[in-house]
Amino acid sequence: MPEQITLYTAKVCPFAHRAELALAEAKVPFTRYEIDLQNKPEWYAPKVNPASKVPAIAYGGPQVPPDQPSPESVKLAESLVLAEFIGDLFPESGILPKDPVKRAQARFFIEGVSSKFIPAYVSFIMKSEGSGEGLYSALEYLQSLLPPEGFAVGEYSLADIAIAPFFGRARVLLVNDFSKGRAVGEGAKIWETINTGKFARLGKYVDDLFQRESYKATFDEVRLKPYRGGTVLTPQQAANNEGYRKLFARAS
């Protein structure tokens with residue numbers, strides 16, 4: 001029987017969302033602890049993750065309060081490392097394809113997500129820099145890797161876990177005009193562009209990701225809408241709130 005799992009996470013962080021998706025796919029019980037990324041607990045770095053980032057997991061050891069992590073538990077971090085770890089622990093989850101070819105294809109897709117898509121996402125969607133050429137090029141590349149139907153390698157896998165959180169946050173930022181320096185309605189047009197026309201296959205893929213039960217169970221769009229000190233921000237305030245936009249891109 002697997003050991004106890006405590007996940008240290010933050011709803012706003014796309015990287016942390018990867019670990020939550022993996023655990024939801026594995027359908028295993030775990031303890032969830034929300035870390036305030038703007039006011040991290042003093043104990044978090046020395047006792048859980050020296051890099052002071054989310055997500056992180058405490059695996060094994062006694063069942064203790066999350067804010068009192070046991071030195072007997074193994075501490076692990078980095079989103080894709082954790083997703084693979086969960087896939088290894090629970091092979092029936094399908095996170096790691098059994099077919100070596102599909103497993104390699106999943107990792108190849110993820111390499112494109114990491115090296116091409118995420119830098120373009122941060123630049124164009126988070127920072128509103130450039131014309132979007134880099135983002136569109138990255139999306140064309142990823143679309144070229146997709147099979148005619150289904151997920152990144154056919155069945156749902158680590159590859160889909162790697163990218164789904166970013167599409168979810170891209171939609172929130174673009175459709176709600178939370179990106180800095182854009183006219184009202186421009187973000188929604190960009191979102192439509194990357195889901196229709198020459199990106200129709202990608203759009204179907206994104207919709208399939210959003211319809212996955214694990215995604216619906218772990219993504220709360222309302223909680224991701226801008227706030228500051230308990231006050232909901234207007235789109236203009238959100239777009240100019242550097243701290244809020246940084247939270248969307250918090251890396252691990």
# chains A, B, ... in the order shown; residues from 1 in each chain; ligands from 1

call {"tool": "residues_around", "arguments": {"residues": "Ile86 of chain A", "least_positions_apart": "4", "cutoff": "9 Å", "atoms": "only C-alpha atoms", "output": "ChimeraX atom specification"}}
result
/A:19,22-23,26,81-82,90-91,93,95

call {"tool": "select_by_dssp", "arguments": {"residues": "segment 23-229 of chain A", "states": "helix (DSSP H, G or I)", "output": "PyMOL selection string"}}
result
chain A and resi 23-26+44-47+79-89+91-93+100-126+133-145+158-175+186-193+197-211+213-218+221-224

call {"tool": "closest_residue", "arguments": {"among": "A:Ala138, A:Val175, A:Ala106, A:Ala120", "to": "Gly154 of chain A", "atoms": "only C-alpha atoms"}}
result
A:Ala106

call {"tool": "residues_around", "arguments": {"residues": "segment 58-73 of chain A", "least_positions_apart": "5", "cutoff": "12 Å", "atoms": "only C-alpha atoms", "output": "PyMOL selection string"}}
result
chain A and resi 1-9+30-35+40-49+82+85-86+89

call {"tool": "residues_around", "arguments": {"residues": "Ser115 of chain A", "least_positions_apart": "5", "cutoff": "12 Å", "atoms": "only C-alpha atoms", "output": "list in words"}}
result
Phe108, Phe109, Ile110, Ala120, Tyr121, Val122, Gly134, Leu135, Ala138, Leu139, Tyr141 and Leu142 of chain A

call {"tool": "closest_atom_pairs", "arguments": {"of": "segment 7-82 of chain A", "to": "segment 199-221 of chain A", "cutoff": "7 Å", "atoms": "only C-alpha atoms", "output": "tab-separated table"}}
result
residue	atom	partner	partner_atom	distance
A:Glu20	CA	A:Thr218	CA	6.6
A:Leu21	CA	A:Ser214	CA	5.8
A:Ala24	CA	A:Ser214	CA	5.3
A:Glu25	CA	A:Ser214	CA	5.9

call {"tool": "closest_residue", "arguments": {"among": "A:Asp160, A:Glu133, A:Asp88, A:Glu111", "to": "Arg18 of chain A", "atoms": "only C-alpha atoms"}}
result
A:Asp160
